[in-house]
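A.B. asks: Have a look at this one before I ask anything.
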Amino acid sequence: MKVGLRIDVDTFRGTRLGVPNICRLLPKYSIKASFFFSVGPDNMGRNLWRLLRPTFLWKMLRTKASSLYGWDILLKGTFWPGPLIGEKLGGIIHATADAGHEIGLHAWDHYTWQAHIDNMDSKAIYGSLNKGVTLLTQILGKPPDCSAVPGWKSNALVLREKSKFPFRYNSDCRGESIFRPIVDGRELTQPQIPVTLPTYDEVVGYEGVTDENYNEYLLSLVKPNELNVLTIHAEVEGIACRGMFSRFLEMAHDKGVSFVPLGVLLREYHPTEPAAIIKKEISGREGWVSCQAQTA
Ligand SMILES: [Zn+2]
């Protein structure tokens with residue numbers, strides 16, 4: 001059984017500590033993966049304001065967000081401008097590429113994208129993508145060859161603007177199979193590789209899933225002969241939950257589950273049916289996320 005492994009890096013702290021931790025762990029099982037970096041300002045601390053919303057407060061308590069992310073993350077960008085992650089930590093991003101992992105763009109400004117995408121026009125979206133691609137290109141010496149929007153927040157404008165960049169594929173939604181997205185009746189050429197499995201913060205604390213049985217639960221969702229794509233976070237599995245993630249890799253190895261960069265899945269599960277992308281609410285996540293529409 002094969003699982004596409006995607007590592008989202010949202011913050012300065014996740015890049016500085018979580019990425020090197022994960023990069024030390026993966027070679028134990030000869031795993032190569034896809035890392036999606038946020039390279040612009042770290043304003044994730046502005047999420048603090050969302051504490052005012054009861055659902056978010058509940059989620060913070062349920063997942064012990066302060067211990068998951070660290071108070072420095074929660075405060076970043078709240079009282080002072082956030083640092084440019086790619087400028088300060090480009091060496092870590094470059095070393096990740098040198099280790100043979102696939103490198104993609106996650107965001108220029110993760111917070112702003114997640115909070116304001118509904119109000120961003122084509123120009124703002126292109127500008128944000130372009131700043132991220134430009135800085136990543138400087139760091140890597142070549143453009144990133146894939147991308148994944150923050151928080152699975154994509155729309156028709158985003159998909160159209162992305163097609164102006166040389167991405168081999170995008171991973172902007174949840175779904176079941178690799179597909180070419182239909183936007184305004186037209187099929188775009190950049191394939192979507194959707195995430196099929198839930199993230200840690202979406203399931204722990206719900207329906208009897210705990211830190212103790214999470215690994216087993218997650219492995220039970222991996223389906224043979226079907227597309228499996230898992231997202232982990234440098235801030236979570238790379239820092240606060242790294243012991244648990246290390247055991248997860250060991251358990252997966254024992255069960256014959258292997259992990260690959262998402263690009264590798266393109267060869268085996270190449271897109272057959274086109275599909276639309278729709279907004280949906282999913283359990284454990286606040287607000288809407290982009291989902292592959294069911295092809296009837
Ligand atoms: Zn993210």
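Ordered as shown in the structure tokens, chains take letters A, B, and onward, while each chain numbers its residues from 1 and ligands are numbered from 1 in the order shown.
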List as a PDB file with C-alpha atoms, in the first residue's frame the protein and nucleic acid residues lying within 8 Å of ligand 1, with only C-alpha atoms and all ligand atoms counted.
C.D. replies:
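Saved file result19.pdb follows:
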```pdb
ATOM      1  CA  ASP A   8       2.695  21.474   5.206  1.00  0.00           C
ATOM      2  CA  VAL A   9       4.932  24.092   6.769  1.00  0.00           C
ATOM      3  CA  ASP A  10       2.909  27.050   8.023  1.00  0.00           C
ATOM      4  CA  SER A  38       5.204  29.113   3.508  1.00  0.00           C
ATOM      5  CA  HIS A 106       2.261  26.467   0.346  1.00  0.00           C
ATOM      6  CA  ALA A 107       1.869  30.212   0.796  1.00  0.00           C
ATOM      7  CA  HIS A 110      -0.508  31.714   5.250  1.00  0.00           C
ATOM      8  CA  VAL A 149      -3.064  26.352  -0.929  1.00  0.00           C
ATOM      9  CA  PRO A 150      -3.305  26.999   2.834  1.00  0.00           C
ATOM     10  CA  GLY A 151      -6.287  25.446   4.614  1.00  0.00           C
ATOM     11  CA  HIS A 233       2.217  19.606   9.684  1.00  0.00           C
TER      12      HIS A 233
END
```
A.B. asks: Hey, what's within 8 Å of Glu202 of chain A if we count only C-alpha atoms and toss same-chain stuff fewer than 4 positions away? As a list in words, please?
C.D. replies: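 Skipping anything fewer than 4 positions along the chain leaves Pro198, Ser283, Gly284 and Arg285 of chain A.
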A.B. asks: Return as JSON lines the residues of segment 203-254 of chain A lying at most 9 Å from segment 13-36 of chain A, together with the closest atom-to-atom pair for each and the distance in Å to one decimal, counting only C-alpha atoms, with rows in chain order and ascending residue number.
C.D. replies:
```
{"residue": "A:His233", "atom": "CA", "partner": "A:Gly14", "partner_atom": "CA", "distance": 8.0}
{"residue": "A:Ala234", "atom": "CA", "partner": "A:Gly18", "partner_atom": "CA", "distance": 4.5}
{"residue": "A:Glu235", "atom": "CA", "partner": "A:Gly14", "partner_atom": "CA", "distance": 4.5}
{"residue": "A:Val236", "atom": "CA", "partner": "A:Gly18", "partner_atom": "CA", "distance": 7.7}
{"residue": "A:Glu237", "atom": "CA", "partner": "A:Gly18", "partner_atom": "CA", "distance": 7.6}
{"residue": "A:Gly238", "atom": "CA", "partner": "A:Gly18", "partner_atom": "CA", "distance": 4.0}
{"residue": "A:Ile239", "atom": "CA", "partner": "A:Gly18", "partner_atom": "CA", "distance": 5.2}
{"residue": "A:Ala240", "atom": "CA", "partner": "A:Gly18", "partner_atom": "CA", "distance": 8.9}
{"residue": "A:Arg242", "atom": "CA", "partner": "A:Asn21", "partner_atom": "CA", "distance": 7.9}
{"residue": "A:Ser246", "atom": "CA", "partner": "A:Leu25", "partner_atom": "CA", "distance": 7.1}
{"residue": "A:Leu249", "atom": "CA", "partner": "A:Tyr29", "partner_atom": "CA", "distance": 7.7}
{"residue": "A:Glu250", "atom": "CA", "partner": "A:Tyr29", "partner_atom": "CA", "distance": 8.2}
{"residue": "A:His253", "atom": "CA", "partner": "A:Tyr29", "partner_atom": "CA", "distance": 7.6}
```
A.B. asks: Export, as a PDB file, in the first residue's frame, the selected residues with N, CA, C and O atoms.
C.D. replies:
```pdb
ATOM      1  N   HIS A 233       1.740  18.232   9.526  1.00  0.00           N
ATOM      2  CA  HIS A 233       2.217  19.606   9.684  1.00  0.00           C
ATOM      3  C   HIS A 233       3.562  19.615  10.395  1.00  0.00           C
ATOM      4  O   HIS A 233       3.729  18.938  11.414  1.00  0.00           O
ATOM      5  N   ALA A 234       4.492  20.408   9.868  1.00  0.00           N
ATOM      6  CA  ALA A 234       5.810  20.524  10.503  1.00  0.00           C
ATOM      7  C   ALA A 234       5.654  20.962  11.961  1.00  0.00           C
ATOM      8  O   ALA A 234       6.412  20.535  12.825  1.00  0.00           O
ATOM      9  N   GLU A 235       4.631  21.784  12.229  1.00  0.00           N
ATOM     10  CA  GLU A 235       4.413  22.311  13.583  1.00  0.00           C
ATOM     11  C   GLU A 235       3.872  21.245  14.532  1.00  0.00           C
ATOM     12  O   GLU A 235       4.032  21.364  15.745  1.00  0.00           O
ATOM     13  N   VAL A 236       3.211  20.234  13.994  1.00  0.00           N
ATOM     14  CA  VAL A 236       2.555  19.226  14.837  1.00  0.00           C
ATOM     15  C   VAL A 236       3.391  17.945  14.866  1.00  0.00           C
ATOM     16  O   VAL A 236       4.086  17.658  15.839  1.00  0.00           O
ATOM     17  N   GLU A 237       3.372  17.197  13.756  1.00  0.00           N
ATOM     18  CA  GLU A 237       4.111  15.925  13.716  1.00  0.00           C
ATOM     19  C   GLU A 237       5.623  16.127  13.797  1.00  0.00           C
ATOM     20  O   GLU A 237       6.353  15.210  14.155  1.00  0.00           O
ATOM     21  N   GLY A 238       6.087  17.359  13.454  1.00  0.00           N
ATOM     22  CA  GLY A 238       7.527  17.629  13.495  1.00  0.00           C
ATOM     23  C   GLY A 238       8.003  18.163  14.832  1.00  0.00           C
ATOM     24  O   GLY A 238       9.202  18.216  15.085  1.00  0.00           O
ATOM     25  N   ILE A 239       7.080  18.595  15.690  1.00  0.00           N
ATOM     26  CA  ILE A 239       7.487  19.167  16.981  1.00  0.00           C
ATOM     27  C   ILE A 239       6.720  18.481  18.122  1.00  0.00           C
ATOM     28  O   ILE A 239       7.216  17.536  18.717  1.00  0.00           O
ATOM     29  N   ALA A 240       5.490  18.949  18.375  1.00  0.00           N
ATOM     30  CA  ALA A 240       4.769  18.472  19.562  1.00  0.00           C
ATOM     31  C   ALA A 240       4.454  16.973  19.507  1.00  0.00           C
ATOM     32  O   ALA A 240       4.492  16.288  20.527  1.00  0.00           O
ATOM     33  N   ARG A 242       6.055  14.560  17.628  1.00  0.00           N
ATOM     34  CA  ARG A 242       7.018  13.849  16.794  1.00  0.00           C
ATOM     35  C   ARG A 242       7.273  12.419  17.265  1.00  0.00           C
ATOM     36  O   ARG A 242       7.566  11.549  16.448  1.00  0.00           O
ATOM     37  N   SER A 246       6.798   9.299  14.813  1.00  0.00           N
ATOM     38  CA  SER A 246       7.864   8.314  14.634  1.00  0.00           C
ATOM     39  C   SER A 246       7.300   6.889  14.780  1.00  0.00           C
ATOM     40  O   SER A 246       7.617   5.993  13.994  1.00  0.00           O
ATOM     41  N   LEU A 249       5.291   5.916  11.660  1.00  0.00           N
ATOM     42  CA  LEU A 249       6.093   5.428  10.531  1.00  0.00           C
ATOM     43  C   LEU A 249       6.523   3.982  10.760  1.00  0.00           C
ATOM     44  O   LEU A 249       6.550   3.175   9.829  1.00  0.00           O
ATOM     45  N   GLU A 250       6.839   3.679  12.009  1.00  0.00           N
ATOM     46  CA  GLU A 250       7.249   2.312  12.348  1.00  0.00           C
ATOM     47  C   GLU A 250       6.087   1.336  12.131  1.00  0.00           C
ATOM     48  O   GLU A 250       6.247   0.268  11.515  1.00  0.00           O
ATOM     49  N   HIS A 253       5.397   0.903   8.457  1.00  0.00           N
ATOM     50  CA  HIS A 253       6.436   0.049   7.875  1.00  0.00           C
ATOM     51  C   HIS A 253       6.121  -1.430   8.132  1.00  0.00           C
ATOM     52  O   HIS A 253       6.185  -2.258   7.218  1.00  0.00           O
TER      53      HIS A 253
END
```
A.B. asks: Which polymer residues have any atom within 8 Å of an atom of Lys280 of chain A, counting only C-alpha atoms, with same-chain residues fewer than 4 positions away left out, as a PyMOL selection string?
C.D. replies: chain A and resi 288-291
A.B. asks: So which bits of segment 157-288 of chain A end up strand (DSSP E) when you DSSP the backbone, as a ChimeraX atom specification?
C.D. replies: /A:169-170,182-183,186-187,229-233,258-260,277-281,288
A.B. asks: Please dump the current selection as a PDB file, in the first residue's frame; keep N, CA, C and O atoms.
C.D. replies:
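Contents of again.pdb, as written:
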```pdb
ATOM      1  N   TYR A 169       1.685  19.930 -10.753  1.00  0.00           N
ATOM      2  CA  TYR A 169       0.377  19.584 -10.186  1.00  0.00           C
ATOM      3  C   TYR A 169       0.110  20.523  -9.017  1.00  0.00           C
ATOM      4  O   TYR A 169       1.017  21.200  -8.519  1.00  0.00           O
ATOM      5  N   ASN A 170      -1.158  20.553  -8.586  1.00  0.00           N
ATOM      6  CA  ASN A 170      -1.529  21.300  -7.383  1.00  0.00           C
ATOM      7  C   ASN A 170      -2.265  20.352  -6.461  1.00  0.00           C
ATOM      8  O   ASN A 170      -2.852  19.360  -6.896  1.00  0.00           O
ATOM      9  N   ILE A 182     -12.391  21.418 -13.460  1.00  0.00           N
ATOM     10  CA  ILE A 182     -13.197  22.157 -14.439  1.00  0.00           C
ATOM     11  C   ILE A 182     -13.506  23.532 -13.834  1.00  0.00           C
ATOM     12  O   ILE A 182     -14.039  23.617 -12.729  1.00  0.00           O
ATOM     13  N   VAL A 183     -13.109  24.568 -14.560  1.00  0.00           N
ATOM     14  CA  VAL A 183     -13.404  25.937 -14.107  1.00  0.00           C
ATOM     15  C   VAL A 183     -14.174  26.655 -15.202  1.00  0.00           C
ATOM     16  O   VAL A 183     -13.705  26.740 -16.341  1.00  0.00           O
ATOM     17  N   ARG A 186     -14.476  24.911 -18.411  1.00  0.00           N
ATOM     18  CA  ARG A 186     -13.236  24.525 -19.117  1.00  0.00           C
ATOM     19  C   ARG A 186     -12.373  23.650 -18.229  1.00  0.00           C
ATOM     20  O   ARG A 186     -12.262  23.877 -17.033  1.00  0.00           O
ATOM     21  N   GLU A 187     -11.740  22.653 -18.861  1.00  0.00           N
ATOM     22  CA  GLU A 187     -10.890  21.750 -18.109  1.00  0.00           C
ATOM     23  C   GLU A 187      -9.472  22.317 -18.070  1.00  0.00           C
ATOM     24  O   GLU A 187      -8.894  22.601 -19.113  1.00  0.00           O
ATOM     25  N   VAL A 229      -3.577   9.994   0.249  1.00  0.00           N
ATOM     26  CA  VAL A 229      -2.701  11.155   0.435  1.00  0.00           C
ATOM     27  C   VAL A 229      -2.895  11.679   1.852  1.00  0.00           C
ATOM     28  O   VAL A 229      -4.022  11.954   2.270  1.00  0.00           O
ATOM     29  N   LEU A 230      -1.769  11.782   2.570  1.00  0.00           N
ATOM     30  CA  LEU A 230      -1.806  12.234   3.965  1.00  0.00           C
ATOM     31  C   LEU A 230      -1.090  13.579   4.096  1.00  0.00           C
ATOM     32  O   LEU A 230      -0.010  13.764   3.539  1.00  0.00           O
ATOM     33  N   THR A 231      -1.709  14.507   4.831  1.00  0.00           N
ATOM     34  CA  THR A 231      -1.033  15.770   5.159  1.00  0.00           C
ATOM     35  C   THR A 231      -0.638  15.749   6.628  1.00  0.00           C
ATOM     36  O   THR A 231      -1.471  15.492   7.501  1.00  0.00           O
ATOM     37  N   ILE A 232       0.648  16.016   6.889  1.00  0.00           N
ATOM     38  CA  ILE A 232       1.066  16.271   8.268  1.00  0.00           C
ATOM     39  C   ILE A 232       1.584  17.708   8.322  1.00  0.00           C
ATOM     40  O   ILE A 232       1.816  18.325   7.287  1.00  0.00           O
ATOM     41  N   HIS A 233       1.740  18.232   9.526  1.00  0.00           N
ATOM     42  CA  HIS A 233       2.217  19.606   9.684  1.00  0.00           C
ATOM     43  C   HIS A 233       3.562  19.615  10.395  1.00  0.00           C
ATOM     44  O   HIS A 233       3.729  18.938  11.414  1.00  0.00           O
ATOM     45  N   SER A 258       4.004   2.087   2.382  1.00  0.00           N
ATOM     46  CA  SER A 258       5.166   2.913   2.041  1.00  0.00           C
ATOM     47  C   SER A 258       4.703   4.328   1.697  1.00  0.00           C
ATOM     48  O   SER A 258       3.539   4.550   1.372  1.00  0.00           O
ATOM     49  N   PHE A 259       5.629   5.275   1.781  1.00  0.00           N
ATOM     50  CA  PHE A 259       5.290   6.684   1.550  1.00  0.00           C
ATOM     51  C   PHE A 259       6.094   7.230   0.374  1.00  0.00           C
ATOM     52  O   PHE A 259       7.276   6.900   0.216  1.00  0.00           O
ATOM     53  N   VAL A 260       5.452   8.066  -0.414  1.00  0.00           N
ATOM     54  CA  VAL A 260       6.097   8.643  -1.604  1.00  0.00           C
ATOM     55  C   VAL A 260       5.734  10.127  -1.728  1.00  0.00           C
ATOM     56  O   VAL A 260       4.727  10.572  -1.179  1.00  0.00           O
ATOM     57  N   ILE A 277     -14.534  21.639  -8.475  1.00  0.00           N
ATOM     58  CA  ILE A 277     -14.144  21.759  -7.069  1.00  0.00           C
ATOM     59  C   ILE A 277     -15.211  22.594  -6.374  1.00  0.00           C
ATOM     60  O   ILE A 277     -15.589  23.670  -6.849  1.00  0.00           O
ATOM     61  N   ILE A 278     -15.741  22.067  -5.275  1.00  0.00           N
ATOM     62  CA  ILE A 278     -16.812  22.776  -4.572  1.00  0.00           C
ATOM     63  C   ILE A 278     -16.395  23.071  -3.126  1.00  0.00           C
ATOM     64  O   ILE A 278     -15.456  22.464  -2.610  1.00  0.00           O
ATOM     65  N   LYS A 279     -17.091  24.015  -2.498  1.00  0.00           N
ATOM     66  CA  LYS A 279     -16.821  24.345  -1.095  1.00  0.00           C
ATOM     67  C   LYS A 279     -17.696  23.481  -0.201  1.00  0.00           C
ATOM     68  O   LYS A 279     -18.889  23.322  -0.477  1.00  0.00           O
ATOM     69  N   LYS A 280     -17.086  22.946   0.851  1.00  0.00           N
ATOM     70  CA  LYS A 280     -17.843  22.067   1.743  1.00  0.00           C
ATOM     71  C   LYS A 280     -17.346  22.259   3.171  1.00  0.00           C
ATOM     72  O   LYS A 280     -16.187  22.634   3.377  1.00  0.00           O
ATOM     73  N   GLU A 281     -18.190  21.975   4.154  1.00  0.00           N
ATOM     74  CA  GLU A 281     -17.720  21.948   5.543  1.00  0.00           C
ATOM     75  C   GLU A 281     -17.365  20.505   5.866  1.00  0.00           C
ATOM     76  O   GLU A 281     -18.083  19.587   5.479  1.00  0.00           O
ATOM     77  N   TRP A 288     -15.218  26.588   5.433  1.00  0.00           N
ATOM     78  CA  TRP A 288     -15.301  25.707   4.260  1.00  0.00           C
ATOM     79  C   TRP A 288     -13.923  25.243   3.807  1.00  0.00           C
ATOM     80  O   TRP A 288     -12.928  25.909   4.061  1.00  0.00           O
TER      81      TRP A 288
END
```
A.B. asks: Do you have the atom CA of Arg247 of chain A-atom CA of Tyr217 of chain A distance handy?
C.D. replies: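 Atom CA of Arg247 of chain A sits 13.1 Å away from atom CA of Tyr217 of chain A.
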A.B. asks: Using only C-alpha atoms, which residues sit within 8 Å of Gln292 of chain A once same-chain residues fewer than 5 positions away are excluded, as number ranges by chain?
C.D. replies: A: 173-176, 194, 275-278
A.B. asks: Write out, as a PDB file, in the first residue's frame, the residues just selected, with N, CA, C and O atoms.
C.D. replies:
```pdb
ATOM      1  N   CYS A 173      -7.258  20.590  -2.571  1.00  0.00           N
ATOM      2  CA  CYS A 173      -8.583  20.188  -2.104  1.00  0.00           C
ATOM      3  C   CYS A 173      -8.546  18.812  -1.460  1.00  0.00           C
ATOM      4  O   CYS A 173      -7.512  18.143  -1.450  1.00  0.00           O
ATOM      5  N   ARG A 174      -9.692  18.433  -0.914  1.00  0.00           N
ATOM      6  CA  ARG A 174      -9.910  17.079  -0.413  1.00  0.00           C
ATOM      7  C   ARG A 174     -10.625  16.303  -1.504  1.00  0.00           C
ATOM      8  O   ARG A 174     -11.388  16.892  -2.277  1.00  0.00           O
ATOM      9  N   GLY A 175     -10.421  15.004  -1.561  1.00  0.00           N
ATOM     10  CA  GLY A 175     -11.110  14.212  -2.577  1.00  0.00           C
ATOM     11  C   GLY A 175     -10.663  12.777  -2.590  1.00  0.00           C
ATOM     12  O   GLY A 175     -10.073  12.299  -1.608  1.00  0.00           O
ATOM     13  N   GLU A 176     -10.911  12.093  -3.694  1.00  0.00           N
ATOM     14  CA  GLU A 176     -10.622  10.650  -3.755  1.00  0.00           C
ATOM     15  C   GLU A 176      -9.688  10.240  -4.881  1.00  0.00           C
ATOM     16  O   GLU A 176      -9.088   9.184  -4.821  1.00  0.00           O
ATOM     17  N   PRO A 194      -5.730  15.454  -4.686  1.00  0.00           N
ATOM     18  CA  PRO A 194      -6.428  15.804  -3.447  1.00  0.00           C
ATOM     19  C   PRO A 194      -5.895  15.026  -2.246  1.00  0.00           C
ATOM     20  O   PRO A 194      -5.303  13.953  -2.401  1.00  0.00           O
ATOM     21  N   ALA A 275     -13.200  16.939 -12.946  1.00  0.00           N
ATOM     22  CA  ALA A 275     -14.196  17.185 -11.887  1.00  0.00           C
ATOM     23  C   ALA A 275     -14.181  18.647 -11.487  1.00  0.00           C
ATOM     24  O   ALA A 275     -13.171  19.341 -11.655  1.00  0.00           O
ATOM     25  N   ALA A 276     -15.299  19.094 -10.947  1.00  0.00           N
ATOM     26  CA  ALA A 276     -15.366  20.455 -10.423  1.00  0.00           C
ATOM     27  C   ALA A 276     -14.852  20.452  -8.984  1.00  0.00           C
ATOM     28  O   ALA A 276     -14.727  19.390  -8.367  1.00  0.00           O
ATOM     29  N   ILE A 277     -14.534  21.639  -8.475  1.00  0.00           N
ATOM     30  CA  ILE A 277     -14.144  21.759  -7.069  1.00  0.00           C
ATOM     31  C   ILE A 277     -15.211  22.594  -6.374  1.00  0.00           C
ATOM     32  O   ILE A 277     -15.589  23.670  -6.849  1.00  0.00           O
ATOM     33  N   ILE A 278     -15.741  22.067  -5.275  1.00  0.00           N
ATOM     34  CA  ILE A 278     -16.812  22.776  -4.572  1.00  0.00           C
ATOM     35  C   ILE A 278     -16.395  23.071  -3.126  1.00  0.00           C
ATOM     36  O   ILE A 278     -15.456  22.464  -2.610  1.00  0.00           O
TER      37      ILE A 278
END
```
A.B. asks: Report as JSON lines: every residue of segment 27-48 of chain A with an atom at most 9 Å from segment 125-143 of chain A, its closest pair of atoms, and their distance in Å to one decimal, counting only C-alpha atoms, with rows sorted by chain and ascending residue number.
C.D. replies:
```
{"residue": "A:Phe37", "atom": "CA", "partner": "A:Leu136", "partner_atom": "CA", "distance": 8.6}
{"residue": "A:Ser38", "atom": "CA", "partner": "A:Gly132", "partner_atom": "CA", "distance": 7.6}
{"residue": "A:Val39", "atom": "CA", "partner": "A:Gly132", "partner_atom": "CA", "distance": 6.2}
{"residue": "A:Gly40", "atom": "CA", "partner": "A:Gly132", "partner_atom": "CA", "distance": 6.7}
```
A.B. asks: Identify, on the basis of only C-alpha atoms, every residue whose closest approach to Glu226 of chain A does not exceed 10 Å; exclude the query and any residue fewer than 4 positions from it along the same chain; express the result as JSON, numbers by chain.
C.D. replies: {"A": [1, 2, 3, 176, 177, 196, 222, 269]}
A.B. asks: With C-alpha atoms retained, could you export that selection as a JSON list (two decimals), in the first residue's frame?
C.D. replies:
```json
[["chain", "number", "residue", "atom", "x", "y", "z"],
["A", 1, "MET", "CA", 0.00, 0.00, 0.00],
["A", 2, "LYS", "CA", 1.26, 3.42, -0.99],
["A", 3, "VAL", "CA", 0.55, 6.77, 0.67],
["A", 176, "GLU", "CA", -10.62, 10.65, -3.75],
["A", 177, "SER", "CA", -8.81, 10.64, -7.09],
["A", 196, "THR", "CA", -7.78, 11.80, 1.06],
["A", 222, "VAL", "CA", -5.46, 3.69, 4.22],
["A", 269, "TYR", "CA", -3.11, 7.36, -10.68]]
```
A.B. asks: I'd like to know which of A:Pro41, A:Gly104, A:Pro224, A:Pro191 is closest to Gly256 of chain A, using only C-alpha atoms.
C.D. replies: A:Pro224
A.B. asks: Considering only C-alpha atoms, can you say which of A:Thr112, A:Gln192, A:Ser171, A:Ser122 comes closest to Thr272 of chain A?
C.D. replies: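 Closest candidate: A:Gln192.
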A.B. asks: So, counting only C-alpha atoms, which residue among A:Leu218, A:Leu105, A:Gln294, A:Leu266 is closest to Val204 of chain A?
C.D. replies: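 Of A:Leu218, A:Leu105, A:Gln294, A:Leu266, the one nearest Val204 of chain A, counting only C-alpha atoms, is A:Leu218.
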A.B. asks: Per DSSP on the backbone, filter segment 89-265 of chain A down to the residues in alpha helix (DSSP H) and report them as number ranges by chain.
C.D. replies: A: 89-98, 110-116, 122-140, 156-162, 200-203, 214-220, 242-254, 262-265
